[in-house]
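A.B. asks: So that we are looking at the same thing, I have put the structure below in structure tokens.
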Amino acid sequence: METVYFPYSDLLPEIITAIEQTVPDGATFGFNHDHRRAWVKVSKPGNTRDVVRAAFASLGLDVPDDPGEG
């Protein structure tokens, strides 16, 4: 399962809802965060990167860059 990271400040309720709506049937997702970044995982048959990209795009946004572990 791939993990996609992005800044914690971009983990908005609308993003979580958009991710939930974008996850394909038969797949599940999870997310978490620390003080710098958030991360998302989508189970098969989903593709984490595609789901996150589509969720941000549905809100007119690009997926922000991973801020790194800092």
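Labeling convention for the structure tokens: chains A, B, ... as they appear, residues from 1 per chain, ligands from 1 in order of appearance.
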Write out as number ranges by chain all residues of chain A that backbone DSSP assigns to helix (DSSP H, G or I).

C.D. replies: A: 8-10, 13-22, 48-58

A.B. asks: Show which residues sit within 9 Å of range 29-37 of chain A, as a ChimeraX atom specification. Count only C-alpha atoms, and ignore same-chain residues fewer than 6 positions away.

C.D. replies: /A:5-11,16,19-20,23,43,46,48,66-70

A.B. asks: Would you save the residues from that selection as a PDB file, in the first residue's frame, using N, CA, C and O atoms?

C.D. replies:
ATOM      1  N   TYR A   5       2.093  11.713   1.114  1.00  0.00           N
ATOM      2  CA  TYR A   5       2.287  12.718   2.155  1.00  0.00           C
ATOM      3  C   TYR A   5       2.023  14.111   1.582  1.00  0.00           C
ATOM      4  O   TYR A   5       2.331  14.378   0.424  1.00  0.00           O
ATOM      5  N   PHE A   6       1.492  14.994   2.421  1.00  0.00           N
ATOM      6  CA  PHE A   6       1.323  16.399   2.059  1.00  0.00           C
ATOM      7  C   PHE A   6       1.275  17.202   3.357  1.00  0.00           C
ATOM      8  O   PHE A   6       1.147  16.632   4.443  1.00  0.00           O
ATOM      9  N   PRO A   7       1.381  18.526   3.274  1.00  0.00           N
ATOM     10  CA  PRO A   7       1.407  19.333   4.498  1.00  0.00           C
ATOM     11  C   PRO A   7       0.140  19.157   5.340  1.00  0.00           C
ATOM     12  O   PRO A   7      -0.980  19.115   4.803  1.00  0.00           O
ATOM     13  N   TYR A   8       0.328  19.063   6.637  1.00  0.00           N
ATOM     14  CA  TYR A   8      -0.799  18.917   7.566  1.00  0.00           C
ATOM     15  C   TYR A   8      -1.803  20.054   7.397  1.00  0.00           C
ATOM     16  O   TYR A   8      -3.011  19.842   7.502  1.00  0.00           O
ATOM     17  N   SER A   9      -1.323  21.241   7.087  1.00  0.00           N
ATOM     18  CA  SER A   9      -2.222  22.392   6.930  1.00  0.00           C
ATOM     19  C   SER A   9      -3.213  22.207   5.778  1.00  0.00           C
ATOM     20  O   SER A   9      -4.225  22.893   5.719  1.00  0.00           O
ATOM     21  N   ASP A  10      -2.936  21.247   4.874  1.00  0.00           N
ATOM     22  CA  ASP A  10      -3.843  20.976   3.755  1.00  0.00           C
ATOM     23  C   ASP A  10      -4.829  19.841   4.047  1.00  0.00           C
ATOM     24  O   ASP A  10      -5.637  19.492   3.190  1.00  0.00           O
ATOM     25  N   LEU A  11      -4.772  19.267   5.238  1.00  0.00           N
ATOM     26  CA  LEU A  11      -5.710  18.211   5.616  1.00  0.00           C
ATOM     27  C   LEU A  11      -6.991  18.862   6.147  1.00  0.00           C
ATOM     28  O   LEU A  11      -7.221  18.980   7.340  1.00  0.00           O
ATOM     29  N   ILE A  16     -10.787  15.387   3.174  1.00  0.00           N
ATOM     30  CA  ILE A  16     -11.138  14.056   3.676  1.00  0.00           C
ATOM     31  C   ILE A  16     -12.413  13.557   3.010  1.00  0.00           C
ATOM     32  O   ILE A  16     -12.490  12.409   2.569  1.00  0.00           O
ATOM     33  N   ILE A  19     -11.614  12.627  -0.599  1.00  0.00           N
ATOM     34  CA  ILE A  19     -10.900  11.345  -0.662  1.00  0.00           C
ATOM     35  C   ILE A  19     -11.897  10.204  -0.490  1.00  0.00           C
ATOM     36  O   ILE A  19     -11.898   9.238  -1.261  1.00  0.00           O
ATOM     37  N   GLU A  20     -12.755  10.321   0.503  1.00  0.00           N
ATOM     38  CA  GLU A  20     -13.765   9.283   0.748  1.00  0.00           C
ATOM     39  C   GLU A  20     -14.617   9.035  -0.493  1.00  0.00           C
ATOM     40  O   GLU A  20     -14.916   7.894  -0.840  1.00  0.00           O
ATOM     41  N   VAL A  23     -12.443   7.140  -3.388  1.00  0.00           N
ATOM     42  CA  VAL A  23     -11.962   5.764  -3.182  1.00  0.00           C
ATOM     43  C   VAL A  23     -12.869   4.800  -3.951  1.00  0.00           C
ATOM     44  O   VAL A  23     -14.090   4.858  -3.827  1.00  0.00           O
ATOM     45  N   SER A  43      -6.252   1.150   0.133  1.00  0.00           N
ATOM     46  CA  SER A  43      -6.042  -0.269  -0.131  1.00  0.00           C
ATOM     47  C   SER A  43      -6.377  -0.603  -1.585  1.00  0.00           C
ATOM     48  O   SER A  43      -7.052   0.159  -2.278  1.00  0.00           O
ATOM     49  N   GLY A  46      -7.693   0.191  -5.027  1.00  0.00           N
ATOM     50  CA  GLY A  46      -7.425   1.618  -5.230  1.00  0.00           C
ATOM     51  C   GLY A  46      -5.947   1.896  -5.413  1.00  0.00           C
ATOM     52  O   GLY A  46      -5.096   1.050  -5.151  1.00  0.00           O
ATOM     53  N   THR A  48      -3.389   4.901  -4.239  1.00  0.00           N
ATOM     54  CA  THR A  48      -3.363   6.052  -3.337  1.00  0.00           C
ATOM     55  C   THR A  48      -3.081   7.354  -4.066  1.00  0.00           C
ATOM     56  O   THR A  48      -3.796   8.352  -3.887  1.00  0.00           O
ATOM     57  N   ASP A  66       5.173  17.064  -0.586  1.00  0.00           N
ATOM     58  CA  ASP A  66       5.495  16.522   0.720  1.00  0.00           C
ATOM     59  C   ASP A  66       6.484  17.451   1.405  1.00  0.00           C
ATOM     60  O   ASP A  66       7.529  17.747   0.837  1.00  0.00           O
ATOM     61  N   PRO A  67       6.165  17.929   2.610  1.00  0.00           N
ATOM     62  CA  PRO A  67       7.103  18.829   3.299  1.00  0.00           C
ATOM     63  C   PRO A  67       8.313  18.108   3.871  1.00  0.00           C
ATOM     64  O   PRO A  67       9.207  18.738   4.404  1.00  0.00           O
ATOM     65  N   GLY A  68       8.348  16.787   3.766  1.00  0.00           N
ATOM     66  CA  GLY A  68       9.480  16.038   4.308  1.00  0.00           C
ATOM     67  C   GLY A  68       9.327  15.818   5.795  1.00  0.00           C
ATOM     68  O   GLY A  68       8.442  16.347   6.452  1.00  0.00           O
ATOM     69  N   GLU A  69      10.208  15.015   6.315  1.00  0.00           N
ATOM     70  CA  GLU A  69      10.111  14.652   7.728  1.00  0.00           C
ATOM     71  C   GLU A  69      10.602  15.764   8.641  1.00  0.00           C
ATOM     72  O   GLU A  69      10.322  15.756   9.814  1.00  0.00           O
ATOM     73  N   GLY A  70      11.348  16.711   8.084  1.00  0.00           N
ATOM     74  CA  GLY A  70      11.788  17.867   8.823  1.00  0.00           C
ATOM     75  C   GLY A  70      12.680  17.538   9.940  1.00  0.00           C
ATOM     76  O   GLY A  70      12.959  18.012  10.912  1.00  0.00           O
TER      77      GLY A  70
END

A.B. asks: Calculated over only C-alpha atoms, which of the candidates A:Ala38, A:Ile15, A:Asp25, A:Lys44 has the smallest distance to Asp62 in chain A?

C.D. replies: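 Nearest candidate to Asp62 in chain A out of A:Ala38, A:Ile15, A:Asp25, A:Lys44: A:Ile15.
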
A.B. asks: Return as a list of chain:residue names the full set of residues in chain A whose backbone-based DSSP assignment is strand (DSSP E).

C.D. replies: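 Everything in chain A that counts as strand (DSSP E) is A:Thr3, A:Val4, A:Tyr5, A:Phe6, A:Pro7, A:Phe29, A:Gly30, A:Phe31, A:Asn32, A:His33, A:Arg37, A:Ala38, A:Trp39, A:Val40, A:Lys41, A:Val42.
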
A.B. asks: What gap, in Å, lies between CA of Val4 in chain A and CA of Trp39 in chain A?

C.D. replies: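 Here the two named atoms are 5.4 Å from each other.
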
A.B. asks: Under the rule that only C-alpha atoms are counted, which of A:Val63, A:Thr28, A:Ala54, A:Gln21 is the nearest residue to Val42 in chain A?

C.D. replies: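 Ranked by minimum distance to Val42 in chain A, first place goes to A:Thr28.
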
A.B. asks: Env of Pro45 in chain A: 8 Å cut, atoms = only C-alpha atoms, seq-sep filter 4 positions within chain, self excluded. Answer as a list in words.

C.D. replies: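 After dropping sequence-adjacent residues, the list is Pro24, Gly26 and Ala27 of chain A.
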
A.B. asks: Rounded to one decimal place, report the CA of Ala18 in chain A-CA of Asp50 in chain A distance in Å.

C.D. replies: 12.4 Å
